[in-house]
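Participant: Following this line is start37.tsv, made up of TSV, C-alpha atoms and all ligand atoms:
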```tsv
chain	number	residue	atom	x	y	z
A	1	MET	CA	-5.90	-25.16	3.73
A	2	VAL	CA	-8.10	-22.14	3.02
A	3	THR	CA	-9.99	-20.44	5.83
A	4	ARG	CA	-12.02	-17.25	6.32
A	5	GLY	CA	-10.35	-14.38	8.15
A	6	GLU	CA	-11.35	-10.79	8.90
A	7	GLN	CA	-14.21	-9.49	6.69
A	8	GLY	CA	-14.72	-13.02	5.35
A	9	VAL	CA	-11.52	-12.87	3.30
A	10	GLU	CA	-10.30	-16.28	2.21
A	11	VAL	CA	-6.78	-16.73	3.51
A	12	ARG	CA	-4.25	-19.50	3.08
A	13	LYS	CA	-3.42	-21.24	6.33
A	14	ASN	CA	-0.91	-23.88	7.25
A	15	GLU	CA	-0.91	-25.71	10.53
A	16	SER	CA	1.50	-23.39	12.29
A	17	PHE	CA	0.65	-20.07	10.64
A	18	SER	CA	-2.57	-18.09	10.52
A	19	LEU	CA	-2.47	-15.06	8.24
A	20	ALA	CA	-5.61	-13.62	9.83
A	21	SER	CA	-3.95	-13.61	13.28
A	22	TYR	CA	-0.68	-12.32	11.85
A	23	LEU	CA	-2.34	-9.41	10.04
A	24	GLU	CA	-4.43	-8.53	13.08
A	25	GLU	CA	-1.46	-8.63	15.46
A	26	LYS	CA	0.67	-6.44	13.18
A	27	ARG	CA	-2.22	-4.12	12.35
A	28	LEU	CA	-2.76	-3.39	16.05
A	29	ILE	CA	0.96	-2.61	16.50
A	30	VAL	CA	0.86	-0.26	13.50
A	31	GLU	CA	-2.38	1.44	14.64
A	32	SER	CA	-0.94	2.12	18.07
A	33	ALA	CA	2.38	3.41	16.65
A	34	LEU	CA	0.56	5.68	14.20
A	35	ASP	CA	-1.68	7.04	16.94
A	36	SER	CA	1.28	8.03	19.10
A	37	SER	CA	3.37	9.23	16.13
A	38	LEU	CA	1.31	12.37	15.61
A	39	VAL	CA	0.04	14.45	18.54
A	40	ILE	CA	-2.15	17.50	18.11
A	41	GLY	CA	-0.01	20.65	17.95
A	42	ASN	CA	-0.61	24.24	16.97
A	43	PRO	CA	-2.51	25.08	14.75
A	44	ALA	CA	-4.76	22.21	15.88
A	45	LYS	CA	-6.79	22.19	12.67
A	46	ILE	CA	-3.98	20.87	10.47
A	47	TYR	CA	-3.01	18.16	12.97
A	48	GLU	CA	-6.65	17.11	13.24
A	49	ALA	CA	-6.89	16.87	9.45
A	50	MET	CA	-3.68	14.81	9.28
A	51	ARG	CA	-4.84	12.48	12.06
A	52	TYR	CA	-8.33	12.16	10.55
A	53	SER	CA	-6.99	10.38	7.48
A	54	LEU	CA	-3.97	8.69	9.06
A	55	LEU	CA	-6.16	6.96	11.65
A	56	ALA	CA	-9.11	6.23	9.37
A	57	GLY	CA	-8.39	2.51	9.08
A	58	GLY	CA	-7.24	0.73	5.97
A	59	LYS	CA	-5.50	-2.59	5.64
A	60	ARG	CA	-2.08	-1.21	6.69
A	61	LEU	CA	-0.53	-3.51	4.10
A	62	ARG	CA	2.53	-1.35	3.39
A	63	PRO	CA	3.71	-1.05	7.02
A	64	ILE	CA	2.99	-4.74	7.61
A	65	LEU	CA	5.12	-5.71	4.59
A	66	CYS	CA	7.96	-3.55	5.92
A	67	LEU	CA	7.79	-5.19	9.36
A	68	ALA	CA	7.57	-8.66	7.80
A	69	THR	CA	10.69	-8.29	5.63
A	70	CYS	CA	12.69	-6.68	8.42
A	71	GLU	CA	11.92	-9.66	10.66
A	72	LEU	CA	12.56	-12.16	7.84
A	73	MET	CA	16.02	-10.64	7.32
A	74	GLY	CA	16.86	-10.94	11.01
A	75	GLY	CA	15.96	-7.43	12.14
A	76	SER	CA	13.57	-6.50	14.95
A	77	LEU	CA	10.13	-4.97	14.79
A	78	GLU	CA	11.38	-1.87	16.61
A	79	MET	CA	14.01	-1.20	13.93
A	80	ALA	CA	11.34	-1.01	11.23
A	81	LEU	CA	8.39	0.57	13.06
A	82	PRO	CA	9.22	4.25	12.31
A	83	THR	CA	9.66	3.44	8.60
A	84	ALA	CA	6.47	1.37	8.67
A	85	CYS	CA	4.62	4.44	10.04
A	86	ALA	CA	6.26	6.69	7.44
A	87	LEU	CA	5.09	4.39	4.63
A	88	GLU	CA	1.52	4.66	5.89
A	89	MET	CA	1.85	8.47	6.20
A	90	ILE	CA	2.99	8.61	2.57
A	91	HIS	CA	0.27	6.21	1.41
A	92	THR	CA	-2.36	8.20	3.31
A	93	MET	CA	-1.22	11.53	1.88
A	94	SER	CA	-1.38	10.06	-1.63
A	95	LEU	CA	-4.98	8.98	-0.96
A	96	ILE	CA	-5.91	12.45	0.36
A	97	HIS	CA	-4.51	14.11	-2.77
A	98	ASP	CA	-5.91	11.43	-5.09
A	99	ASP	CA	-9.41	12.08	-3.71
A	100	LEU	CA	-9.29	15.85	-4.38
A	101	PRO	CA	-11.67	17.32	-7.01
A	102	ALA	CA	-8.65	18.15	-9.21
A	103	MET	CA	-7.65	14.47	-9.21
A	104	ASP	CA	-9.95	11.46	-8.83
A	105	ASN	CA	-12.65	13.49	-7.05
A	106	ASP	CA	-14.15	11.13	-4.50
A	107	ASP	CA	-16.33	11.82	-1.48
A	108	TYR	CA	-15.54	8.62	0.41
A	109	ARG	CA	-12.40	6.80	1.43
A	110	ARG	CA	-11.99	3.96	3.89
A	111	GLY	CA	-15.72	4.19	4.58
A	112	LYS	CA	-15.52	7.82	5.74
A	113	LEU	CA	-15.92	11.20	4.09
A	114	THR	CA	-12.74	12.21	2.30
A	115	ASN	CA	-10.41	14.71	3.93
A	116	HIS	CA	-11.44	17.66	1.73
A	117	LYS	CA	-15.14	16.94	2.37
A	118	VAL	CA	-14.53	17.37	6.11
A	119	PHE	CA	-11.78	20.01	6.25
A	120	GLY	CA	-12.04	21.77	2.86
A	121	GLU	CA	-9.73	21.50	-0.14
A	122	ASP	CA	-7.16	23.98	1.16
A	123	ILE	CA	-6.60	22.11	4.42
A	124	ALA	CA	-6.72	18.69	2.69
A	125	ILE	CA	-3.87	19.71	0.36
A	126	LEU	CA	-1.88	20.95	3.35
A	127	ALA	CA	-2.70	17.83	5.42
A	128	GLY	CA	-1.20	15.74	2.61
A	129	ASP	CA	1.86	17.99	2.46
A	130	GLY	CA	2.22	17.84	6.25
A	131	LEU	CA	2.08	14.04	6.29
A	132	LEU	CA	4.60	13.77	3.46
A	133	ALA	CA	7.14	16.00	5.19
A	134	TYR	CA	6.55	14.34	8.57
A	135	ALA	CA	7.17	10.88	7.11
A	136	PHE	CA	10.77	11.80	6.30
A	137	GLU	CA	11.31	13.59	9.63
A	138	TYR	CA	9.90	10.56	11.43
A	139	VAL	CA	12.26	8.03	9.83
A	140	ALA	CA	15.26	10.29	10.39
A	141	THR	CA	14.53	11.11	14.03
A	142	GLN	CA	12.81	7.99	15.37
A	143	THR	CA	14.75	5.03	13.91
A	144	ARG	CA	16.84	3.29	16.58
A	145	ASN	CA	19.55	0.60	16.46
A	146	VAL	CA	20.03	0.85	12.70
A	147	PRO	CA	23.36	2.02	11.17
A	148	PRO	CA	22.98	5.58	9.79
A	149	LEU	CA	23.86	4.55	6.22
A	150	GLN	CA	20.96	2.09	6.18
A	151	ILE	CA	18.59	4.81	7.43
A	152	LEU	CA	19.93	7.12	4.75
A	153	GLU	CA	19.30	4.48	2.08
A	154	VAL	CA	15.70	4.11	3.25
A	155	ILE	CA	15.20	7.88	3.13
A	156	ALA	CA	16.64	8.03	-0.40
A	157	ARG	CA	14.39	5.17	-1.54
A	158	LEU	CA	11.34	6.88	-0.02
A	159	GLY	CA	12.21	10.11	-1.84
A	160	ARG	CA	12.53	8.37	-5.18
A	161	THR	CA	9.28	6.48	-4.57
A	162	VAL	CA	7.12	9.54	-3.96
A	163	GLY	CA	8.63	11.70	-6.73
A	164	ALA	CA	8.33	11.88	-10.51
A	165	ALA	CA	9.92	8.41	-10.83
A	166	GLY	CA	7.19	6.97	-8.58
A	167	LEU	CA	3.81	8.09	-7.24
A	168	VAL	CA	3.83	11.60	-8.71
A	169	GLY	CA	4.84	10.39	-12.19
A	170	GLY	CA	2.36	7.50	-12.05
A	171	GLN	CA	-0.44	9.83	-11.06
A	172	VAL	CA	0.35	12.18	-13.99
A	173	LEU	CA	0.17	9.27	-16.43
A	174	ASP	CA	-3.01	8.04	-14.78
A	175	LEU	CA	-4.66	11.46	-15.12
A	176	GLU	CA	-3.63	11.58	-18.77
A	177	SER	CA	-5.12	8.12	-19.36
A	178	ALA	CA	-8.67	9.29	-18.49
A	179	GLY	CA	-10.90	9.17	-21.57
A	180	LYS	CA	-8.42	6.89	-23.38
A	181	PRO	CA	-9.78	3.36	-22.91
A	182	ASP	CA	-7.58	1.93	-25.68
A	183	ILE	CA	-4.10	2.14	-24.15
A	184	SER	CA	-1.95	-1.02	-24.19
A	185	ALA	CA	-1.30	-3.46	-21.36
A	186	GLU	CA	2.34	-2.37	-21.48
A	187	THR	CA	1.45	1.31	-20.90
A	188	LEU	CA	-0.99	0.33	-18.19
A	189	GLY	CA	1.73	-1.73	-16.52
A	190	PHE	CA	4.09	1.25	-16.62
A	191	ILE	CA	1.50	3.56	-15.01
A	192	HIS	CA	0.78	1.14	-12.21
A	193	THR	CA	4.40	0.23	-11.59
A	194	GLN	CA	4.90	3.87	-10.67
A	195	LYS	CA	1.55	4.68	-9.09
A	196	THR	CA	0.98	1.57	-6.99
A	197	GLY	CA	3.97	-0.76	-7.39
A	198	ALA	CA	6.71	1.64	-6.33
A	199	LEU	CA	5.44	2.18	-2.79
A	200	LEU	CA	4.72	-1.52	-2.27
A	201	GLU	CA	8.24	-2.35	-3.48
A	202	THR	CA	9.77	0.25	-1.17
A	203	SER	CA	7.70	-1.11	1.71
A	204	VAL	CA	9.17	-4.59	1.19
A	205	VAL	CA	12.71	-3.47	0.40
A	206	SER	CA	13.04	-0.87	3.16
A	207	GLY	CA	12.35	-3.49	5.84
A	208	ALA	CA	15.19	-5.57	4.40
A	209	VAL	CA	17.55	-2.58	4.14
A	210	LEU	CA	16.93	-1.66	7.78
A	211	ALA	CA	17.75	-5.23	8.82
A	212	GLY	CA	21.05	-5.04	6.91
A	213	ALA	CA	20.06	-7.64	4.28
A	214	LYS	CA	22.54	-8.68	1.58
A	215	ALA	CA	22.13	-7.33	-1.99
A	216	GLU	CA	21.11	-10.80	-3.20
A	217	ASP	CA	18.22	-10.98	-0.70
A	218	ILE	CA	17.17	-7.42	-1.48
A	219	ALA	CA	17.03	-8.28	-5.19
A	220	LYS	CA	14.83	-11.33	-4.54
A	221	LEU	CA	12.52	-9.36	-2.27
A	222	ALA	CA	12.30	-6.55	-4.83
A	223	ARG	CA	11.16	-9.07	-7.49
A	224	TYR	CA	8.65	-10.53	-5.02
A	225	ALA	CA	7.34	-7.00	-4.45
A	226	GLN	CA	7.14	-6.10	-8.15
A	227	ASN	CA	5.01	-9.18	-8.74
A	228	ILE	CA	2.67	-8.57	-5.82
A	229	GLY	CA	2.49	-4.86	-6.76
A	230	LEU	CA	1.14	-5.55	-10.21
A	231	ALA	CA	-1.18	-8.29	-8.93
A	232	PHE	CA	-2.46	-5.83	-6.31
A	233	GLN	CA	-3.38	-3.31	-8.99
A	234	ILE	CA	-5.01	-5.92	-11.25
A	235	ILE	CA	-7.23	-7.00	-8.35
A	236	ASP	CA	-7.88	-3.33	-7.51
A	237	ASP	CA	-9.23	-2.89	-11.05
A	238	VAL	CA	-11.35	-6.05	-10.73
A	239	LEU	CA	-12.77	-4.92	-7.37
A	240	ASP	CA	-13.68	-1.54	-8.84
A	241	ILE	CA	-16.16	-3.49	-10.99
A	242	THR	CA	-17.19	-6.39	-8.76
A	243	ALA	CA	-17.22	-4.95	-5.22
A	244	THR	CA	-19.81	-2.69	-3.63
A	245	LYS	CA	-19.26	0.81	-2.24
A	246	GLU	CA	-19.65	-0.67	1.26
A	247	GLU	CA	-16.97	-3.31	0.65
A	248	LEU	CA	-14.58	-0.80	-0.92
A	249	GLY	CA	-15.25	2.07	1.50
A	250	LYS	CA	-15.18	4.39	-1.54
A	251	THR	CA	-17.18	4.92	-4.71
A	252	ALA	CA	-17.27	1.81	-6.93
A	253	GLY	CA	-17.17	1.83	-10.74
A	254	LYS	CA	-14.91	4.90	-10.98
A	255	ASP	CA	-12.70	3.51	-13.76
A	256	LEU	CA	-15.61	2.89	-16.11
A	257	GLN	CA	-16.99	6.34	-15.35
A	258	ALA	CA	-13.62	7.98	-16.16
A	259	GLN	CA	-13.32	5.82	-19.30
A	260	LYS	CA	-9.97	4.51	-18.14
A	261	ALA	CA	-8.27	1.44	-19.50
A	262	THR	CA	-8.04	-1.19	-16.79
A	263	TYR	CA	-6.91	-4.81	-16.72
A	264	PRO	CA	-10.50	-6.11	-16.87
A	265	SER	CA	-11.22	-3.78	-19.82
A	266	LEU	CA	-8.19	-5.22	-21.65
A	267	TRP	CA	-8.44	-8.86	-20.59
A	268	GLY	CA	-11.84	-9.42	-18.97
A	269	ILE	CA	-12.37	-10.27	-15.31
A	270	GLU	CA	-11.48	-13.97	-15.38
A	271	GLU	CA	-8.28	-13.53	-17.37
A	272	SER	CA	-7.32	-10.62	-15.07
A	273	ARG	CA	-7.70	-12.86	-12.01
A	274	GLN	CA	-5.62	-15.57	-13.69
A	275	GLN	CA	-2.87	-13.12	-14.58
A	276	ALA	CA	-2.87	-11.85	-10.99
A	277	GLN	CA	-2.59	-15.43	-9.69
A	278	GLN	CA	0.36	-16.09	-12.03
A	279	LEU	CA	2.13	-13.01	-10.68
A	280	ILE	CA	1.47	-14.22	-7.14
A	281	ASP	CA	2.92	-17.64	-8.01
A	282	SER	CA	6.04	-15.91	-9.37
A	283	ALA	CA	6.26	-13.75	-6.23
A	284	ILE	CA	6.09	-16.84	-4.02
A	285	GLY	CA	8.70	-18.50	-6.25
A	286	GLU	CA	11.15	-15.74	-5.33
A	287	LEU	CA	10.86	-16.86	-1.69
A	288	SER	CA	11.78	-20.51	-2.34
A	289	GLY	CA	15.17	-20.13	-0.65
A	290	TYR	CA	13.64	-19.12	2.67
A	291	ASP	CA	12.14	-21.40	5.30
A	292	GLU	CA	8.91	-20.94	7.25
A	293	ALA	CA	10.09	-17.49	8.37
A	294	ALA	CA	8.91	-16.29	4.93
A	295	GLU	CA	5.41	-17.68	5.48
A	296	PRO	CA	3.92	-14.22	6.25
A	297	LEU	CA	5.16	-12.93	2.87
A	298	ARG	CA	3.84	-16.02	1.05
A	299	ALA	CA	0.45	-15.74	2.73
A	300	ILE	CA	0.22	-11.97	2.12
A	301	ALA	CA	0.87	-12.63	-1.57
A	302	GLU	CA	-2.04	-15.10	-1.69
A	303	TYR	CA	-4.24	-12.69	0.26
A	304	ILE	CA	-3.67	-10.00	-2.38
A	305	VAL	CA	-5.56	-12.01	-5.00
A	306	ASN	CA	-8.26	-13.23	-2.63
A	307	ARG	CA	-9.02	-9.94	-0.90
A	308	LYS	CA	-12.49	-8.40	-1.01
A	309	ASN	CA	-11.42	-4.75	-0.54
B	401	LIG	C1	3.23	11.32	-3.34
B	401	LIG	C2	3.81	13.76	-3.44
B	401	LIG	C3	2.83	12.70	-3.70
B	401	LIG	C4	1.65	13.03	-4.23
B	401	LIG	C5	0.56	12.07	-4.48
B	401	LIG	C6	-2.16	11.49	-5.79
B	401	LIG	C7	-0.85	10.88	-6.04
B	401	LIG	C8	0.36	11.75	-5.94
B	401	LIG	C9	-0.70	9.58	-6.32
B	401	LIG	C10	-1.81	8.62	-6.32
B	401	LIG	C11	-1.37	7.35	-5.70
B	401	LIG	C12	-2.52	6.39	-5.52
B	401	LIG	C13	-3.76	6.88	-4.87
B	401	LIG	C14	-2.36	5.12	-5.92
B	401	LIG	C15	-3.40	4.09	-5.72
B	401	LIG	C16	-2.84	3.04	-4.81
B	401	LIG	C17	-3.89	2.12	-4.30
B	401	LIG	C18	-4.16	0.89	-5.07
B	401	LIG	C19	-4.52	2.43	-3.16
B	401	LIG	C20	-5.39	1.54	-2.40
B	401	LIG	O1	-4.57	0.91	-1.45
B	401	LIG	P1	-5.15	-0.05	-0.35
B	401	LIG	O2	-6.16	-0.97	-0.95
B	401	LIG	O3	-5.91	0.97	0.59
B	401	LIG	O4	-4.01	-0.69	0.37
B	401	LIG	P2	-6.09	0.96	2.19
B	401	LIG	O5	-7.22	1.92	2.43
B	401	LIG	O6	-6.42	-0.45	2.62
B	401	LIG	O7	-4.81	1.44	2.75
```
Rewrite the structure of this file - the entire thing - as structure tokens.
Facilitator:
Amino acid sequence: MVTRGEQGVEVRKNESFSLASYLEEKRLIVESALDSSLVIGNPAKIYEAMRYSLLAGGKRLRPILCLATCELMGGSLEMALPTACALEMIHTMSLIHDDLPAMDNDDYRRGKLTNHKVFGEDIAILAGDGLLAYAFEYVATQTRNVPPLQILEVIARLGRTVGAAGLVGGQVLDLESAGKPDISAETLGFIHTQKTGALLETSVVSGAVLAGAKAEDIAKLARYAQNIGLAFQIIDDVLDITATKEELGKTAGKDLQAQKATYPSLWGIEESRQQAQQLIDSAIGELSGYDEAAEPLRAIAEYIVNRKN
């Protein structure tokens, strides 16, 4: 059954599970944890800049994925909450830096003025740096009831994800791809695996690691995440063309303006949607060995192709 959830998004629903309620319940937990994770210190200005972007809304998909896999693998919400917050701190800092004039140069994000538009470029760079450093401190100091080696593994995975093998490397390739609309689907896939996929994969896998999941489960969940990660980016490219500024909360049509190759530019919009749906089907296939406890992950996968922002 398909129903309409928050913001009119079509979401899959079975009789005992409502994705809209699940996302809302988890989003509220994440919002509250993020709010209390970062109190204003001295100098107040940098904390205000960090909180401005961290608490500016957003779907909170990465922390929710982390909580969902931790619970699926038998862990508790409390075990994963500090890592869930850290994932959102890292995601938020990447958005702050991505929006800078030296990068994607945008004035709006999540329906609000971008960090540098409010606080200036110098403080926006430092707010991103502050959030990145705090994410690691937060996991290390706030995680409870998890064996230290599992915490260490999460920290190592986070480090790899943000660095040259992940977000930083992906962003470099993305910057280099501006003005080159003729790059191949393979190259595009490589860029997005690093720029977008890596953090989504770490969100899914870190929840499982914290819960003490077996290598076999971690491998399945990693494949689930790789599939949803690429589908997420394909739909992101489609929305850049089809959605309005109001729906996106940021400037629409940026890819065309920067003359970037995107999935719709390579395949067209319809084929892009179909490819995304195939990836989602493969992602859900990876969950076939799990019972209804995996329903949140199945429904989130479907939501990724049906989302409107
Ligand atoms: C990580 C050290 C370090 C630096 C940052 C700028 C940069 C390097 C990387 C760019 C990463 C980036 C902005 C990737 C795009 C990912 C993406 C599709 C973002 C949109 O995510 P949503 O739709 O956004 O989940 P909300 O606002 O809902 O959270």
Participant: Using all atoms listed in the file, determine which residues fall within 8 Å of ligand LIG 401 (chain B), then list them as a ChimeraX atom specification.
Facilitator: /A:57-62,88,90-99,103,109-110,128-129,132,161-163,166-171,195-196,232-233,236,309
Participant: Restricting the calculation to all atoms listed in the file, which member of A:Val172, A:Ala222, A:Ala56, A:Leu19 is positioned closest to A:Ala299?
Facilitator: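 Ranked by minimum distance to A:Ala299, first place goes to A:Leu19.
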Participant: Between atom CA of A:Lys260 and atom CA of A:Lys117, what is the distance, to one decimal in Å?
Facilitator: 24.5 Å
Participant: So how many Å separate atom CA of A:Leu279 and atom CA of A:Leu230, to one decimal?
Facilitator: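 Going from atom CA of A:Leu279 over to atom CA of A:Leu230, I get 7.5 Å.
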Participant: Can you tell me how far atom CA of A:Ile241 sits from atom CA of A:Gln194, in Å to one decimal?
Facilitator: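 Taking atom CA of A:Ile241 and atom CA of A:Gln194, their separation equals 22.3 Å.
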Participant: Ranking A:Ala124, A:Leu188, A:Leu210, A:Ala102 by minimum distance to A:Leu149 and counting only C-alpha atoms, which one comes first?
Facilitator: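 That would be A:Leu210, the residue with the smallest distance to A:Leu149.
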Participant: For A:Ala185, work out the shell of residues within 10 Å, counting all atoms listed in the file and skipping chain neighbours fewer than 2 positions away, then give it as a ChimeraX atom specification.
Facilitator: /A:182-183,187-191,261-263,266-267
Participant: For a quick check of understanding, using all atoms listed in the file, which of A:Asp107, A:Asp240, A:Glu247, A:Asp255 has the smallest distance to A:Lys180?
Facilitator: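 For A:Lys180, the nearest of the candidates is A:Asp255.
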Participant: Compare A:Asn42, A:Gln150, A:Thr143, A:Asn105 by their minimum atom-to-atom distance to A:Lys214, counting all atoms listed in the file, and give me the closest one.
Facilitator: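 Selected residue with least distance to A:Lys214: A:Gln150.
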Participant: Please provide the set of residues having any atom within 7 Å of A:Leu200, restricted to only C-alpha atoms, with same-chain residues fewer than 2 positions apart removed, written as JSON, numbers by chain.
Facilitator: {"A": [62, 196, 197, 198, 202, 203, 204, 225, 229]}
Participant: First collect every listed atom of stretch 129-142 of chain A; then fit an axis-aligned box around them, widen it by 5 Å on each side, and give centre and edge lengths in Å to one decimal, as AutoDock Vina command-line options.
Facilitator:
```
--center_x 8.6 --center_y 13.0 --center_z 8.9 --size_x 23.4 --size_y 20.0 --size_z 22.9
```
Participant: Got a moment to write stretch 280-288 of chain A out with all heavy atoms, as a JSON list (two decimals), in the first residue's frame?
Facilitator:
```json
[["chain", "number", "residue", "atom", "x", "y", "z"],
["A", 280, "ILE", "N", 17.25, 0.23, -5.87],
["A", 280, "ILE", "CA", 16.46, 0.07, -4.64],
["A", 280, "ILE", "C", 15.98, -1.38, -4.51],
["A", 280, "ILE", "O", 16.02, -1.96, -3.42],
["A", 280, "ILE", "CB", 15.26, 1.06, -4.64],
["A", 280, "ILE", "CG1", 15.76, 2.49, -4.50],
["A", 280, "ILE", "CG2", 14.24, 0.73, -3.55],
["A", 280, "ILE", "CD1", 16.68, 2.77, -3.33],
["A", 281, "ASP", "N", 15.56, -1.97, -5.63],
["A", 281, "ASP", "CA", 15.15, -3.39, -5.59],
["A", 281, "ASP", "C", 16.32, -4.27, -5.15],
["A", 281, "ASP", "O", 16.14, -5.20, -4.35],
["A", 281, "ASP", "CB", 14.63, -3.83, -6.97],
["A", 281, "ASP", "CG", 13.34, -3.10, -7.36],
["A", 281, "ASP", "OD1", 12.70, -2.51, -6.45],
["A", 281, "ASP", "OD2", 12.98, -3.10, -8.55],
["A", 282, "SER", "N", 17.52, -3.97, -5.67],
["A", 282, "SER", "CA", 18.69, -4.76, -5.26],
["A", 282, "SER", "C", 18.98, -4.56, -3.78],
["A", 282, "SER", "O", 19.33, -5.50, -3.06],
["A", 282, "SER", "CB", 19.94, -4.34, -6.04],
["A", 282, "SER", "OG", 19.73, -4.50, -7.40],
["A", 283, "ALA", "N", 18.85, -3.30, -3.32],
["A", 283, "ALA", "CA", 19.10, -3.01, -1.90],
["A", 283, "ALA", "C", 18.15, -3.83, -1.03],
["A", 283, "ALA", "O", 18.57, -4.47, -0.06],
["A", 283, "ALA", "CB", 18.91, -1.52, -1.62],
["A", 284, "ILE", "N", 16.88, -3.83, -1.41],
["A", 284, "ILE", "CA", 15.87, -4.57, -0.62],
["A", 284, "ILE", "C", 16.16, -6.08, -0.69],
["A", 284, "ILE", "O", 15.99, -6.80, 0.30],
["A", 284, "ILE", "CB", 14.45, -4.20, -1.10],
["A", 284, "ILE", "CG1", 14.17, -2.73, -0.71],
["A", 284, "ILE", "CG2", 13.40, -5.13, -0.48],
["A", 284, "ILE", "CD1", 12.87, -2.17, -1.24],
["A", 285, "GLY", "N", 16.66, -6.53, -1.84],
["A", 285, "GLY", "CA", 17.04, -7.94, -1.99],
["A", 285, "GLY", "C", 18.10, -8.37, -0.96],
["A", 285, "GLY", "O", 18.09, -9.50, -0.48],
["A", 286, "GLU", "N", 18.98, -7.46, -0.62],
["A", 286, "GLU", "CA", 20.03, -7.78, 0.36],
["A", 286, "GLU", "C", 19.43, -8.04, 1.75],
["A", 286, "GLU", "O", 20.09, -8.60, 2.61],
["A", 286, "GLU", "CB", 21.05, -6.63, 0.48],
["A", 286, "GLU", "CG", 21.87, -6.38, -0.77],
["A", 286, "GLU", "CD", 22.84, -7.53, -1.10],
["A", 286, "GLU", "OE1", 23.13, -8.34, -0.22],
["A", 286, "GLU", "OE2", 23.26, -7.59, -2.27],
["A", 287, "LEU", "N", 18.19, -7.60, 1.95],
["A", 287, "LEU", "CA", 17.57, -7.73, 3.28],
["A", 287, "LEU", "C", 16.66, -8.96, 3.37],
["A", 287, "LEU", "O", 15.95, -9.12, 4.36],
["A", 287, "LEU", "CB", 16.75, -6.47, 3.60],
["A", 287, "LEU", "CG", 17.49, -5.13, 3.50],
["A", 287, "LEU", "CD1", 16.52, -3.96, 3.74],
["A", 287, "LEU", "CD2", 18.64, -5.06, 4.51],
["A", 288, "SER", "N", 16.70, -9.81, 2.34],
["A", 288, "SER", "CA", 15.72, -10.91, 2.27],
["A", 288, "SER", "C", 15.85, -11.87, 3.46],
["A", 288, "SER", "O", 14.88, -12.52, 3.82],
["A", 288, "SER", "CB", 15.84, -11.66, 0.95],
["A", 288, "SER", "OG", 17.13, -12.20, 0.87]]
```
